[in-house]
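To start, the structure itself, in structure tokens.
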Amino acid sequence: MMKLHDQIDVAVIGAGAAGVAAGRALLARGLSVLVVEGRSRAGGRAFTDNSSAGGWPLDMGCGWLHSANRNPLVSEARTLGLHVDETEPPWRSQRQGESFATGEQESFRAAQAAFYERLEAAALSPQDGAASQHLVQGERWNPLIDAVSTYINGTELDRLSVKDYDAYQDTEINFRVTEGYGALIARLAQGLPVTFNTKAQVIDHSGRLLKLATSAGIIEARAVLVAVSTNIMATGALRFSPALPGKVAAAAHLPLGVADKVFLEVEGAQDLPENARLFGRTDRVDTGAYHYRPFGRPLIEGYFGGACARELEEGGLAAFADFAIEELVTVLGGQWRKRLKPVAASGWARDPFALGSYSHALPGYADQRAVLAAPHDNRIFFAGEATHPHFFSTAHGAWMSGQRAADEICASLNAL
């Protein structure tokens with residue numbers, strides 16, 4: 001294998017939010033850096049698709065600046081001159097008429113709030129367990145509560161750690177970037193030394209220098225930052241030599257769930273309320289949640305998670321669109337069928353550089369985030385949303401983890 005680069009200080013694997021944050025911080029401190037990215041673009045699971053016929057910037061991955069009052073990417077977006085939309089999310093603007101009447105919505109929210117209170121109480125116990133254990137048997141809203149988990153966590157409640165769920169911090173302030181969250185991360189990556197279309201394969205840490213084997217050659221570095229998804233590590237798509245079984249096990253206990261989207265163009269969109277939401281069904285887990293006219297655009301943005309999303313991914317855009325349209329016309333009426341046109345759909349579980357959307361801890365393994373985040377031998381470092389103790393599953397959690405890892409790397413290299 002040819003040598004790809006002269007010896008550098010730090011090789012960063014992954015040009016997602018974590019890798020971009022770390023790369024910028026390391027360069028600012030005078031270190032030589034090369035970011036290795038398997039895709040042809042930066043952003044990772046933040047991706048804004050601008051190829052739609054209508055020209056709308058569509059966020060196929062993360063779309064919300066969660067906990068916006070504590071989210072450092074809000075100020076980054078504004079510094080770059082991007083527009084931060086502070087419109088309230090549609091999550092409480094349910095528009096379903098008789099299919100989900102006001103009284104039923106109130107009943108659902110009360111049941112959901114009581115469930116979350118039980119999770120908070122259970123998290124105080126020394127023992128962890130599955131969130132599903134705290135559903136009330138026979139509660140009519142259990143399927144919809146579980147469906148919401150698939151949107152939030154990417155997985156159903158039986159695979160979700162109570163303690164991990166409770167550790168997540170949410171200030172409930174949520175903004176969006178009009179030009180796209182993915183566009184923001186891509187802009188922040190400009191100027192970084194990145195080698196695209198280069199797959200990282202093996203980190204050899206047996207010698208004085210680290211050797212990173214890639215599809216394009218060998219990179220020698222004093223330190224390596226691993227900023228790839230947990231599923232990439234757990235499946236062996238990126239390997240360590242000698243092996244690091246503790247890291248691989250931690251990644252496996254923090255698998256990526258699946259959360260996908262479909263976008264439908266709406267003819268006569270003015271007949272729908274702007275920035276409102278509709279559930280496809282309220283009596284089953286396998287259903288979509290639909291955001292009417294985001295940013296005032298003539299679109300419906302559909303959300304799918306967990307097993308439902310995994311199954312739909314097998315059929316691509318057509319499967320997502322067919323499923324969504326059937327659910328929508330059931331609620332809105334058959335006359336809407338001809339007014340809904342498929343535009344785009346994501347498929348993160350089938351993305352070879354992600355293999356999923358964002359992480360959740362399996363029951364009993366909430367402590368594995370700290371295990372994954374810890375440096376190995378002060379030469380191999382780890383970042384990414386799965387390593388943040390409180391903002392996991394978010395782009396800003398990934399960003400903050402990259403900055404944390406950059407601090408660790410600088411402290412280590414300066415000590416050598």
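Ordering of the structure tokens sets the chain letters (A, B, ...); residue numbers start at 1 within each chain; ligands are numbered from 1 in the order shown.
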
Show me, as a PyMOL selection string, the residues that have an atom within 9 Å of Trp399 in chain A when counting only C-alpha atoms, minus same-chain residues fewer than 4 positions from it.
chain A and resi 16-22+72-73+383-385+394-395+403-404

Output C-alpha atoms of each residue in that selection to a file, as an mmCIF file, in the first residue's frame.
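Output file part-v1.cif follows:
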```
data_model
loop_
_atom_site.group_PDB
_atom_site.id
_atom_site.type_symbol
_atom_site.label_atom_id
_atom_site.label_comp_id
_atom_site.auth_asym_id
_atom_site.auth_seq_id
_atom_site.Cartn_x
_atom_site.Cartn_y
_atom_site.Cartn_z
ATOM 1 C CA GLY A 16 -19.269 14.584 10.201
ATOM 2 C CA ALA A 17 -20.021 17.177 12.869
ATOM 3 C CA ALA A 18 -17.579 15.624 15.361
ATOM 4 C CA GLY A 19 -14.720 15.324 12.892
ATOM 5 C CA VAL A 20 -15.260 18.835 11.540
ATOM 6 C CA ALA A 21 -15.327 20.354 15.039
ATOM 7 C CA ALA A 22 -12.178 18.512 16.034
ATOM 8 C CA PRO A 72 -23.147 26.038 19.911
ATOM 9 C CA LEU A 73 -24.158 25.475 16.292
ATOM 10 C CA ALA A 383 -15.758 11.413 19.330
ATOM 11 C CA GLY A 384 -19.247 11.409 17.855
ATOM 12 C CA GLU A 385 -22.769 11.822 19.163
ATOM 13 C CA THR A 394 -27.788 15.123 18.104
ATOM 14 C CA ALA A 395 -25.456 16.998 15.778
ATOM 15 C CA GLN A 403 -14.170 19.817 20.630
ATOM 16 C CA ARG A 404 -13.698 17.725 23.776
#
```

How close does each residue of range 349-416 of chain A get to range 150-170 of chain A, giving the shortest atom pair and distance in Å to one decimal for every residue with an atom at most 10 Å away, counting only C-alpha atoms, sorted by chain and residue number, as JSON lines?
```
{"residue": "A:Gly356", "atom": "CA", "partner": "A:Gly154", "partner_atom": "CA", "distance": 8.7}
{"residue": "A:Ser357", "atom": "CA", "partner": "A:Gly154", "partner_atom": "CA", "distance": 7.1}
{"residue": "A:Tyr358", "atom": "CA", "partner": "A:Gly154", "partner_atom": "CA", "distance": 6.9}
{"residue": "A:Ser359", "atom": "CA", "partner": "A:Asn153", "partner_atom": "CA", "distance": 7.5}
{"residue": "A:His360", "atom": "CA", "partner": "A:Asn153", "partner_atom": "CA", "distance": 6.5}
{"residue": "A:Ala361", "atom": "CA", "partner": "A:Ser161", "partner_atom": "CA", "distance": 5.6}
{"residue": "A:Leu362", "atom": "CA", "partner": "A:Ser161", "partner_atom": "CA", "distance": 5.2}
{"residue": "A:Pro363", "atom": "CA", "partner": "A:Ser161", "partner_atom": "CA", "distance": 3.9}
{"residue": "A:Gly364", "atom": "CA", "partner": "A:Ser161", "partner_atom": "CA", "distance": 6.3}
{"residue": "A:Tyr365", "atom": "CA", "partner": "A:Ser161", "partner_atom": "CA", "distance": 7.1}
{"residue": "A:Ala366", "atom": "CA", "partner": "A:Asp164", "partner_atom": "CA", "distance": 4.8}
{"residue": "A:Asp367", "atom": "CA", "partner": "A:Asp164", "partner_atom": "CA", "distance": 8.1}
{"residue": "A:Gln368", "atom": "CA", "partner": "A:Asp164", "partner_atom": "CA", "distance": 9.7}
{"residue": "A:Arg369", "atom": "CA", "partner": "A:Asp164", "partner_atom": "CA", "distance": 9.1}
{"residue": "A:His388", "atom": "CA", "partner": "A:Tyr168", "partner_atom": "CA", "distance": 9.4}
{"residue": "A:Pro389", "atom": "CA", "partner": "A:Ala167", "partner_atom": "CA", "distance": 7.1}
{"residue": "A:His390", "atom": "CA", "partner": "A:Tyr168", "partner_atom": "CA", "distance": 4.5}
{"residue": "A:Phe391", "atom": "CA", "partner": "A:Tyr168", "partner_atom": "CA", "distance": 5.9}
{"residue": "A:Phe392", "atom": "CA", "partner": "A:Tyr168", "partner_atom": "CA", "distance": 7.0}
{"residue": "A:Ser393", "atom": "CA", "partner": "A:Asn153", "partner_atom": "CA", "distance": 7.6}
```

12 Å contact set for Ser75 in chain A, only C-alpha atoms, chain neighbours under 3 positions out, as a PDB file with C-alpha atoms, in the first residue's frame:
```pdb
ATOM      1  CA  LEU A  65     -31.125  22.623  16.381  1.00  0.00           C
ATOM      2  CA  ALA A  68     -31.026  25.786  20.905  1.00  0.00           C
ATOM      3  CA  ASN A  69     -30.212  27.926  23.921  1.00  0.00           C
ATOM      4  CA  ARG A  70     -27.282  25.593  24.706  1.00  0.00           C
ATOM      5  CA  ASN A  71     -26.446  24.538  21.165  1.00  0.00           C
ATOM      6  CA  PRO A  72     -23.147  26.038  19.911  1.00  0.00           C
ATOM      7  CA  ARG A  78     -25.527  32.995  12.459  1.00  0.00           C
ATOM      8  CA  THR A  79     -21.834  33.800  12.120  1.00  0.00           C
ATOM      9  CA  LEU A  80     -21.908  32.234   8.652  1.00  0.00           C
ATOM     10  CA  GLY A  81     -24.920  34.352   7.709  1.00  0.00           C
ATOM     11  CA  LEU A  82     -27.363  31.437   7.609  1.00  0.00           C
ATOM     12  CA  HIS A  83     -30.937  32.027   8.732  1.00  0.00           C
ATOM     13  CA  VAL A  84     -31.964  30.446  12.031  1.00  0.00           C
ATOM     14  CA  PHE A 175     -34.756  25.982  15.981  1.00  0.00           C
ATOM     15  CA  VAL A 177     -31.567  26.355   9.708  1.00  0.00           C
ATOM     16  CA  LEU A 184     -24.314  24.348   7.922  1.00  0.00           C
ATOM     17  CA  LEU A 188     -18.066  24.674   8.610  1.00  0.00           C
ATOM     18  CA  HIS A 396     -24.561  19.480  18.490  1.00  0.00           C
TER      19      HIS A 396
END
```

As a list in words, please: the residues near Ala121 in chain A (cut-off 12 Å, only C-alpha atoms, same-chain neighbours under 2 positions excluded).
Ala114, Phe115, Tyr116, Glu117, Arg118, Leu119, Ala123, Leu124, Ser125, Pro126, Gln127, Asp128, Ala131, His134, Val162, Lys163, Tyr165 and Asp166 of chain A

Write a file of the selected residues as a tab-separated table (two decimals), in the first residue's frame, keeping C-alpha atoms.
```
chain	number	residue	atom	x	y	z
A	114	ALA	CA	-47.22	9.93	33.10
A	115	PHE	CA	-45.02	7.42	31.28
A	116	TYR	CA	-42.10	9.85	31.21
A	117	GLU	CA	-42.57	10.52	34.93
A	118	ARG	CA	-42.34	6.77	35.59
A	119	LEU	CA	-39.13	6.62	33.56
A	123	ALA	CA	-33.87	6.00	36.56
A	124	LEU	CA	-33.16	6.66	40.25
A	125	SER	CA	-32.96	2.92	40.90
A	126	PRO	CA	-29.52	1.27	40.96
A	127	GLN	CA	-30.78	-1.19	38.34
A	128	ASP	CA	-31.31	-0.31	34.70
A	131	ALA	CA	-38.20	1.58	29.01
A	134	HIS	CA	-42.85	1.11	32.49
A	162	VAL	CA	-34.13	3.79	31.08
A	163	LYS	CA	-30.98	5.34	32.54
A	165	TYR	CA	-33.00	7.97	28.21
A	166	ASP	CA	-33.02	9.86	31.49
```

Need to verify the contact set: Pro245 in chain A, 12 Å, only C-alpha atoms, exclusion of same-chain residues closer than 2 positions in sequence. Can you return it as JSON, numbers by chain?
{"A": [233, 234, 236, 239, 240, 241, 242, 243, 247, 248, 249, 250, 251, 252, 371, 372, 376]}

Backbone-only DSSP, strand (DSSP E or B) members of range 237-363 of chain A, as a compact mmCIF listing (two decimals) with N, CA and C atoms, in the first residue's frame:
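Final output, part07.txt:
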```
# COMPACT_ATOMS: atom_id res chain seq x y z
N ARG A 239 -11.25 -1.35 11.86
CA ARG A 239 -10.66 -2.29 12.80
C ARG A 239 -9.43 -1.69 13.49
N PHE A 240 -9.06 -2.33 14.59
CA PHE A 240 -7.88 -1.93 15.35
C PHE A 240 -6.90 -3.10 15.38
N SER A 241 -5.61 -2.77 15.29
CA SER A 241 -4.57 -3.79 15.38
C SER A 241 -3.45 -3.27 16.28
N LEU A 256 -26.89 2.16 16.56
CA LEU A 256 -27.68 3.21 15.92
C LEU A 256 -29.08 2.70 15.67
N GLY A 257 -30.06 3.47 16.11
CA GLY A 257 -31.42 3.23 15.68
C GLY A 257 -31.61 3.79 14.28
N ALA A 259 -34.00 6.43 11.96
CA ALA A 259 -35.03 7.46 11.78
C ALA A 259 -34.88 7.99 10.37
N ASP A 260 -35.90 7.83 9.58
CA ASP A 260 -35.87 8.22 8.17
C ASP A 260 -36.95 9.24 7.86
N LYS A 261 -36.81 9.86 6.69
CA LYS A 261 -37.77 10.87 6.26
C LYS A 261 -38.22 10.60 4.83
N VAL A 262 -39.41 11.08 4.53
CA VAL A 262 -39.86 11.17 3.15
C VAL A 262 -40.42 12.57 2.95
N PHE A 263 -40.19 13.13 1.78
CA PHE A 263 -40.74 14.44 1.43
C PHE A 263 -41.72 14.27 0.28
N LEU A 264 -42.90 14.84 0.45
CA LEU A 264 -43.93 14.82 -0.57
C LEU A 264 -44.26 16.26 -0.97
N GLU A 265 -44.31 16.51 -2.27
CA GLU A 265 -44.77 17.81 -2.75
C GLU A 265 -46.30 17.81 -2.75
N VAL A 266 -46.89 18.93 -2.35
CA VAL A 266 -48.34 19.02 -2.21
C VAL A 266 -48.90 20.03 -3.20
N ALA A 276 -47.89 22.32 11.04
CA ALA A 276 -48.71 21.48 11.91
C ALA A 276 -48.30 20.03 11.71
N ARG A 277 -48.78 19.15 12.59
CA ARG A 277 -48.38 17.74 12.53
C ARG A 277 -49.59 16.83 12.53
N LEU A 278 -49.40 15.67 11.93
CA LEU A 278 -50.43 14.64 11.89
C LEU A 278 -49.77 13.28 12.09
N PHE A 279 -50.36 12.43 12.92
CA PHE A 279 -49.94 11.04 13.02
C PHE A 279 -50.72 10.23 11.99
N ALA A 289 -45.19 10.13 11.28
CA ALA A 289 -45.60 11.45 11.77
C ALA A 289 -45.31 12.43 10.65
N TYR A 290 -46.26 13.33 10.35
CA TYR A 290 -46.17 14.15 9.16
C TYR A 290 -46.22 15.64 9.52
N HIS A 291 -45.21 16.35 9.05
CA HIS A 291 -45.08 17.79 9.31
C HIS A 291 -45.57 18.53 8.08
N TYR A 292 -46.67 19.27 8.24
CA TYR A 292 -47.23 20.03 7.13
C TYR A 292 -46.44 21.31 6.88
N LEU A 299 -44.76 21.32 0.94
CA LEU A 299 -44.26 19.98 1.19
C LEU A 299 -44.90 19.40 2.44
N ILE A 300 -44.89 18.08 2.52
CA ILE A 300 -45.11 17.36 3.77
C ILE A 300 -43.83 16.58 4.05
N GLU A 301 -43.32 16.73 5.27
CA GLU A 301 -42.12 16.04 5.70
C GLU A 301 -42.55 14.90 6.63
N GLY A 302 -42.36 13.68 6.17
CA GLY A 302 -42.79 12.52 6.94
C GLY A 302 -41.63 11.90 7.70
N TYR A 303 -41.91 11.44 8.92
CA TYR A 303 -40.91 10.83 9.79
C TYR A 303 -41.29 9.38 10.07
N PHE A 304 -40.28 8.50 10.03
CA PHE A 304 -40.48 7.08 10.32
C PHE A 304 -39.30 6.60 11.15
N GLY A 305 -39.54 5.68 12.07
CA GLY A 305 -38.46 5.20 12.90
C GLY A 305 -38.54 3.72 13.19
N LEU A 340 -50.45 14.55 -3.95
CA LEU A 340 -49.22 14.25 -3.24
C LEU A 340 -48.22 13.57 -4.16
N LYS A 341 -47.05 14.16 -4.31
CA LYS A 341 -46.04 13.67 -5.24
C LYS A 341 -44.74 13.38 -4.50
N PRO A 342 -44.19 12.16 -4.63
CA PRO A 342 -42.91 11.84 -3.96
C PRO A 342 -41.78 12.73 -4.46
N VAL A 343 -40.94 13.16 -3.52
CA VAL A 343 -39.79 14.00 -3.86
C VAL A 343 -38.48 13.32 -3.50
N ALA A 344 -38.36 12.89 -2.24
CA ALA A 344 -37.11 12.28 -1.79
C ALA A 344 -37.35 11.51 -0.50
N ALA A 345 -36.49 10.55 -0.23
CA ALA A 345 -36.54 9.80 1.03
C ALA A 345 -35.13 9.45 1.44
N TYR A 358 -28.87 7.40 14.69
CA TYR A 358 -28.21 7.90 15.91
C TYR A 358 -28.35 6.87 17.01
N SER A 359 -27.51 7.02 18.03
CA SER A 359 -27.32 5.94 18.99
C SER A 359 -28.34 5.96 20.12
```

Counting only C-alpha atoms, which of A:Ser401, A:Ser40, A:Asn142, A:Ser99 gets nearest to Ala186 in chain A?
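Residue with the minimum atom-to-atom distance to Ala186 in chain A: A:Ser40.
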
7 Å contact set for Ala147 in chain A, only C-alpha atoms, chain neighbours under 6 positions out, as a PyMOL selection string:
chain A and resi 285-287

Could you jot down the CA of Thr87 in chain A to CA of Arg187 in chain A separation for me, Å, one decimal place?
23.0 Å

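Per DSSP on the backbone, alpha helix (DSSP H) in range 228-271 of chain A comprises Thr230, Asn231, Ile232, Met233, Ala234, Pro245, Gly246, Lys247, Val248, Ala249, Ala250, Ala251 and Ala252 of chain A.
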
Okay, now the selection with N, CA and C atoms, as a PDB file, in the first residue's frame?
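File produced: selection35.pdb:
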```
ATOM      1  N   THR A 230     -21.171   4.201  15.723  1.00  0.00           N
ATOM      2  CA  THR A 230     -20.963   2.984  16.511  1.00  0.00           C
ATOM      3  C   THR A 230     -21.181   1.736  15.671  1.00  0.00           C
ATOM      4  N   ASN A 231     -22.103   1.769  14.733  1.00  0.00           N
ATOM      5  CA  ASN A 231     -22.346   0.586  13.911  1.00  0.00           C
ATOM      6  C   ASN A 231     -21.166   0.276  12.999  1.00  0.00           C
ATOM      7  N   ILE A 232     -20.450   1.313  12.555  1.00  0.00           N
ATOM      8  CA  ILE A 232     -19.252   1.083  11.755  1.00  0.00           C
ATOM      9  C   ILE A 232     -18.199   0.356  12.590  1.00  0.00           C
ATOM     10  N   MET A 233     -18.027   0.768  13.834  1.00  0.00           N
ATOM     11  CA  MET A 233     -17.059   0.099  14.703  1.00  0.00           C
ATOM     12  C   MET A 233     -17.512  -1.307  15.064  1.00  0.00           C
ATOM     13  N   ALA A 234     -18.777  -1.451  15.413  1.00  0.00           N
ATOM     14  CA  ALA A 234     -19.270  -2.738  15.894  1.00  0.00           C
ATOM     15  C   ALA A 234     -19.239  -3.811  14.816  1.00  0.00           C
ATOM     16  N   PRO A 245     -11.124  -4.915  22.020  1.00  0.00           N
ATOM     17  CA  PRO A 245     -12.445  -5.519  22.207  1.00  0.00           C
ATOM     18  C   PRO A 245     -13.371  -4.704  23.103  1.00  0.00           C
ATOM     19  N   GLY A 246     -12.803  -3.982  24.076  1.00  0.00           N
ATOM     20  CA  GLY A 246     -13.651  -3.172  24.942  1.00  0.00           C
ATOM     21  C   GLY A 246     -14.340  -2.049  24.194  1.00  0.00           C
ATOM     22  N   LYS A 247     -13.627  -1.439  23.259  1.00  0.00           N
ATOM     23  CA  LYS A 247     -14.220  -0.365  22.456  1.00  0.00           C
ATOM     24  C   LYS A 247     -15.288  -0.919  21.509  1.00  0.00           C
ATOM     25  N   VAL A 248     -15.005  -2.029  20.889  1.00  0.00           N
ATOM     26  CA  VAL A 248     -15.963  -2.627  19.962  1.00  0.00           C
ATOM     27  C   VAL A 248     -17.226  -3.053  20.716  1.00  0.00           C
ATOM     28  N   ALA A 249     -17.056  -3.609  21.912  1.00  0.00           N
ATOM     29  CA  ALA A 249     -18.208  -4.017  22.706  1.00  0.00           C
ATOM     30  C   ALA A 249     -19.033  -2.804  23.116  1.00  0.00           C
ATOM     31  N   ALA A 250     -18.358  -1.721  23.511  1.00  0.00           N
ATOM     32  CA  ALA A 250     -19.087  -0.505  23.877  1.00  0.00           C
ATOM     33  C   ALA A 250     -19.903   0.004  22.700  1.00  0.00           C
ATOM     34  N   ALA A 251     -19.301   0.004  21.516  1.00  0.00           N
ATOM     35  CA  ALA A 251     -20.022   0.451  20.325  1.00  0.00           C
ATOM     36  C   ALA A 251     -21.235  -0.434  20.058  1.00  0.00           C
ATOM     37  N   ALA A 252     -21.075  -1.739  20.247  1.00  0.00           N
ATOM     38  CA  ALA A 252     -22.186  -2.664  20.007  1.00  0.00           C
ATOM     39  C   ALA A 252     -23.324  -2.448  20.997  1.00  0.00           C
TER      40      ALA A 252
END
```

For range 197-199 of chain A, list every protein, DNA or RNA residue within 8 Å, evaluated using only C-alpha atoms, and leave out those in the same chain fewer than 4 positions away; present the list as a list in words.
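Within the cut-off, the hits are Val36, Glu37, Gly38, Arg39, Ser40, Thr214, Ser215 and Ala216 of chain A.
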
Store the residues picked out above in a file with C-alpha atoms, as an mmCIF file, in the first residue's frame.
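To be explicit, this is the file written out as part_13.cif:
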```
data_model
loop_
_atom_site.group_PDB
_atom_site.id
_atom_site.type_symbol
_atom_site.label_atom_id
_atom_site.label_comp_id
_atom_site.auth_asym_id
_atom_site.auth_seq_id
_atom_site.Cartn_x
_atom_site.Cartn_y
_atom_site.Cartn_z
ATOM 1 C CA VAL A 36 -10.303 11.018 6.167
ATOM 2 C CA GLU A 37 -13.841 10.745 4.779
ATOM 3 C CA GLY A 38 -15.366 7.812 2.929
ATOM 4 C CA ARG A 39 -18.102 9.856 1.331
ATOM 5 C CA SER A 40 -17.707 12.447 -1.399
ATOM 6 C CA THR A 214 -7.113 3.467 4.051
ATOM 7 C CA SER A 215 -8.442 2.626 0.612
ATOM 8 C CA ALA A 216 -6.008 5.204 -0.788
#
```
